[in-house]
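Heads up, the thing below is written out as structure tokens.
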Amino acid sequence: MSMHKIIAGLLLCALASSTLADDLYKVELIVFENLDPAAQQAERWPVDPGLPALDNALELAALSAAPEKNQWRLLKPAELAMGGVYQRLRASPRYRPVLHTGWVQPLDNTDRKAGVHIYSGMQNEAPATAADVGVFRKINGTVGLRRGRFLHTDVDLIYTMTAPGADANSGATPPVRLITIRRLRNNEVHYLDHPLFGVIISVNPLDGDASRPQ
């Protein structure tokens, strides 16, 4: 075999390795509720909106407990970059933040289906378990990230305004569901809207490489 063919083969192997290798991305999101009473009357909500698929959802707290075996980890509060946005929402009479969290995850070019289990209180709680099925969570669902030609997020979240049975005569709004797919761009903040709640999300390569798929 000629030297040119050997070098060409080595280059192809190196290219394939770099294509298959996982890159690390930093994901950060804020979920907030809309306190405007008029928002509750914006639409007629289904009595039963269904539930996100949580059976195969990834539990960040469990993944973070074994960093030597994987590259997933839950971000510490000091590592979150959207603290200013969170505080502005907290100070607003119209909105109230429910969750501010983030994580680091590996990502390759396969179309991964499993999403991260997102729920109110996750930043300070142990991993969710089967015993938590009856636990009231204002926000519960999944946020997934996938990368092909472009970077996309798949969001499926249930928002429950009040705990079941808290006030049976209040006529409270039933749980509502946000299901959306959004193309993302690196180093940009994206807003996912629902009349009753919203999601602010940013996804960036951990090394800051803006040349990654957008």
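Note on naming: chains are A, B, ... as they come in the structure tokens, residues start from 1 per chain, ligands start from 1 in the order shown.
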
TODO: Please identify all polymer residues within 12 Å of Asn70 of chain A, counting only C-alpha atoms, omitting same-chain residues fewer than 6 positions from it, and present them as a PyMOL selection string.
DONE: chain A and resi 22+24+60+62-64+104-107

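For the choices A:Leu89, A:Lys26, A:Val98, A:Pro52, the atom-to-atom distance to Asp154 of chain A is smallest for A:Pro52 when using only C-alpha atoms.
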
Task: Pick from A:Asn204, A:Gln87, A:Gln71, A:Asn140, whichever lies nearest to Met161 of chain A using only C-alpha atoms - done: A:Asn140

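Distances from A:Val27, A:Glu68, A:Arg137, A:Ile200 to Val116 of chain A were compared using only C-alpha atoms, and the smallest one belongs to A:Val27.
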
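Atom CA of Leu178 of chain A to atom CA of Glu79 of chain A spans 27.0 Å [interatomic distance, one decimal].
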
Task: Nearest candidate to Pro174 of chain A (options A:Gly121, A:Gly115, A:Gly50, A:Gly83; using only C-alpha atoms) - done: A:Gly50

Open item on the list: Just want the 12 Å neighbourhood of Tyr191 of chain A, counted on only C-alpha atoms, with same-chain residues fewer than 2 positions away dropped. Output as a list in words.
Closed with: Leu29, Ile30, Val31, Phe32, Val85, Thr153, Val155, Thr180, Ile181, Arg182, Arg183, Leu184, Glu188, Val189, Asp193, His194, Phe197, Gly198, Val199, Ile200, Ile201 and Ser202 of chain A

Would you mind exporting N, CA, C and O atoms of the selected residues as a PDB file, in the first residue's frame?
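Once written, part-v3.pdb looks like this:
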ATOM      1  N   LEU A  29     -31.869  26.669  31.955  1.00  0.00           N
ATOM      2  CA  LEU A  29     -33.246  27.092  31.703  1.00  0.00           C
ATOM      3  C   LEU A  29     -33.905  27.646  32.953  1.00  0.00           C
ATOM      4  O   LEU A  29     -33.552  27.298  34.080  1.00  0.00           O
ATOM      5  N   ILE A  30     -34.842  28.535  32.701  1.00  0.00           N
ATOM      6  CA  ILE A  30     -35.704  29.109  33.732  1.00  0.00           C
ATOM      7  C   ILE A  30     -37.140  28.842  33.313  1.00  0.00           C
ATOM      8  O   ILE A  30     -37.511  29.081  32.165  1.00  0.00           O
ATOM      9  N   VAL A  31     -37.935  28.326  34.237  1.00  0.00           N
ATOM     10  CA  VAL A  31     -39.364  28.156  33.999  1.00  0.00           C
ATOM     11  C   VAL A  31     -40.089  29.119  34.934  1.00  0.00           C
ATOM     12  O   VAL A  31     -39.778  29.186  36.127  1.00  0.00           O
ATOM     13  N   PHE A  32     -41.032  29.876  34.392  1.00  0.00           N
ATOM     14  CA  PHE A  32     -41.750  30.858  35.206  1.00  0.00           C
ATOM     15  C   PHE A  32     -43.243  30.811  34.883  1.00  0.00           C
ATOM     16  O   PHE A  32     -43.655  30.377  33.807  1.00  0.00           O
ATOM     17  N   VAL A  85     -31.663  37.432  34.881  1.00  0.00           N
ATOM     18  CA  VAL A  85     -32.998  37.208  34.330  1.00  0.00           C
ATOM     19  C   VAL A  85     -33.924  36.670  35.419  1.00  0.00           C
ATOM     20  O   VAL A  85     -35.073  37.106  35.558  1.00  0.00           O
ATOM     21  N   THR A 153     -34.139  21.518  20.521  1.00  0.00           N
ATOM     22  CA  THR A 153     -34.599  21.060  21.822  1.00  0.00           C
ATOM     23  C   THR A 153     -36.038  20.587  21.701  1.00  0.00           C
ATOM     24  O   THR A 153     -36.837  21.162  20.958  1.00  0.00           O
ATOM     25  N   VAL A 155     -39.247  19.962  24.063  1.00  0.00           N
ATOM     26  CA  VAL A 155     -39.755  20.313  25.378  1.00  0.00           C
ATOM     27  C   VAL A 155     -41.161  19.745  25.549  1.00  0.00           C
ATOM     28  O   VAL A 155     -42.014  19.908  24.673  1.00  0.00           O
ATOM     29  N   THR A 180     -43.291  21.387  22.474  1.00  0.00           N
ATOM     30  CA  THR A 180     -42.736  22.157  21.363  1.00  0.00           C
ATOM     31  C   THR A 180     -41.354  21.657  20.990  1.00  0.00           C
ATOM     32  O   THR A 180     -40.647  21.070  21.813  1.00  0.00           O
ATOM     33  N   ILE A 181     -40.996  21.879  19.747  1.00  0.00           N
ATOM     34  CA  ILE A 181     -39.652  21.615  19.236  1.00  0.00           C
ATOM     35  C   ILE A 181     -39.102  22.937  18.740  1.00  0.00           C
ATOM     36  O   ILE A 181     -39.766  23.641  17.974  1.00  0.00           O
ATOM     37  N   ARG A 182     -37.920  23.279  19.165  1.00  0.00           N
ATOM     38  CA  ARG A 182     -37.354  24.577  18.786  1.00  0.00           C
ATOM     39  C   ARG A 182     -35.921  24.406  18.286  1.00  0.00           C
ATOM     40  O   ARG A 182     -35.114  23.746  18.936  1.00  0.00           O
ATOM     41  N   ARG A 183     -35.655  24.977  17.154  1.00  0.00           N
ATOM     42  CA  ARG A 183     -34.279  25.031  16.679  1.00  0.00           C
ATOM     43  C   ARG A 183     -33.529  26.084  17.483  1.00  0.00           C
ATOM     44  O   ARG A 183     -34.025  27.199  17.696  1.00  0.00           O
ATOM     45  N   LEU A 184     -32.344  25.724  17.928  1.00  0.00           N
ATOM     46  CA  LEU A 184     -31.557  26.606  18.783  1.00  0.00           C
ATOM     47  C   LEU A 184     -30.320  27.115  18.067  1.00  0.00           C
ATOM     48  O   LEU A 184     -29.795  26.463  17.169  1.00  0.00           O
ATOM     49  N   GLU A 188     -27.312  32.087  22.219  1.00  0.00           N
ATOM     50  CA  GLU A 188     -28.532  32.873  22.188  1.00  0.00           C
ATOM     51  C   GLU A 188     -29.482  32.366  23.259  1.00  0.00           C
ATOM     52  O   GLU A 188     -29.466  31.193  23.615  1.00  0.00           O
ATOM     53  N   VAL A 189     -30.309  33.261  23.770  1.00  0.00           N
ATOM     54  CA  VAL A 189     -31.337  32.897  24.740  1.00  0.00           C
ATOM     55  C   VAL A 189     -32.658  32.766  23.994  1.00  0.00           C
ATOM     56  O   VAL A 189     -33.025  33.640  23.207  1.00  0.00           O
ATOM     57  N   ASP A 193     -43.063  29.945  24.714  1.00  0.00           N
ATOM     58  CA  ASP A 193     -44.203  30.633  25.292  1.00  0.00           C
ATOM     59  C   ASP A 193     -45.426  29.741  25.423  1.00  0.00           C
ATOM     60  O   ASP A 193     -45.725  28.924  24.548  1.00  0.00           O
ATOM     61  N   HIS A 194     -46.140  29.901  26.522  1.00  0.00           N
ATOM     62  CA  HIS A 194     -47.472  29.363  26.756  1.00  0.00           C
ATOM     63  C   HIS A 194     -48.229  30.460  27.500  1.00  0.00           C
ATOM     64  O   HIS A 194     -47.626  31.224  28.255  1.00  0.00           O
ATOM     65  N   PHE A 197     -47.494  29.899  31.321  1.00  0.00           N
ATOM     66  CA  PHE A 197     -46.115  29.818  31.806  1.00  0.00           C
ATOM     67  C   PHE A 197     -45.158  29.887  30.622  1.00  0.00           C
ATOM     68  O   PHE A 197     -45.557  29.808  29.462  1.00  0.00           O
ATOM     69  N   GLY A 198     -43.886  30.046  30.927  1.00  0.00           N
ATOM     70  CA  GLY A 198     -42.896  30.170  29.867  1.00  0.00           C
ATOM     71  C   GLY A 198     -41.582  29.522  30.255  1.00  0.00           C
ATOM     72  O   GLY A 198     -41.328  29.252  31.437  1.00  0.00           O
ATOM     73  N   VAL A 199     -40.755  29.280  29.251  1.00  0.00           N
ATOM     74  CA  VAL A 199     -39.443  28.669  29.443  1.00  0.00           C
ATOM     75  C   VAL A 199     -38.410  29.531  28.737  1.00  0.00           C
ATOM     76  O   VAL A 199     -38.567  29.881  27.568  1.00  0.00           O
ATOM     77  N   ILE A 200     -37.364  29.882  29.449  1.00  0.00           N
ATOM     78  CA  ILE A 200     -36.214  30.579  28.869  1.00  0.00           C
ATOM     79  C   ILE A 200     -35.058  29.599  28.886  1.00  0.00           C
ATOM     80  O   ILE A 200     -34.716  29.056  29.938  1.00  0.00           O
ATOM     81  N   ILE A 201     -34.453  29.364  27.728  1.00  0.00           N
ATOM     82  CA  ILE A 201     -33.413  28.338  27.637  1.00  0.00           C
ATOM     83  C   ILE A 201     -32.237  28.839  26.804  1.00  0.00           C
ATOM     84  O   ILE A 201     -32.410  29.564  25.823  1.00  0.00           O
ATOM     85  N   SER A 202     -31.050  28.465  27.219  1.00  0.00           N
ATOM     86  CA  SER A 202     -29.843  28.724  26.428  1.00  0.00           C
ATOM     87  C   SER A 202     -29.018  27.444  26.403  1.00  0.00           C
ATOM     88  O   SER A 202     -28.948  26.715  27.395  1.00  0.00           O
TER      89      SER A 202
END

TODO: Write out as a list of chain:residue names which residues come within 8 Å of Glu28 of chain A when counting only C-alpha atoms, dropping same-chain ones fewer than 4 positions away.
DONE: A:Leu80, A:Ala81, A:Met82, A:His100, A:Thr101, A:Gly102, A:Trp103, A:Ile201, A:Ser202, A:Val203

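Going from atom CA of Trp72 of chain A over to atom CA of Tyr119 of chain A, you cover 17.4 Å.
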
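For the set A:His190, A:Glu33, A:Thr160, A:Pro205, the residue with the smallest atom-to-atom gap to Trp45 of chain A is A:Thr160, counting only C-alpha atoms.
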
Task: Point-to-point distance from atom CA of Ile158 of chain A to atom CA of Ser120 of chain A, Å rounded to tenths - done: 10.7 Å
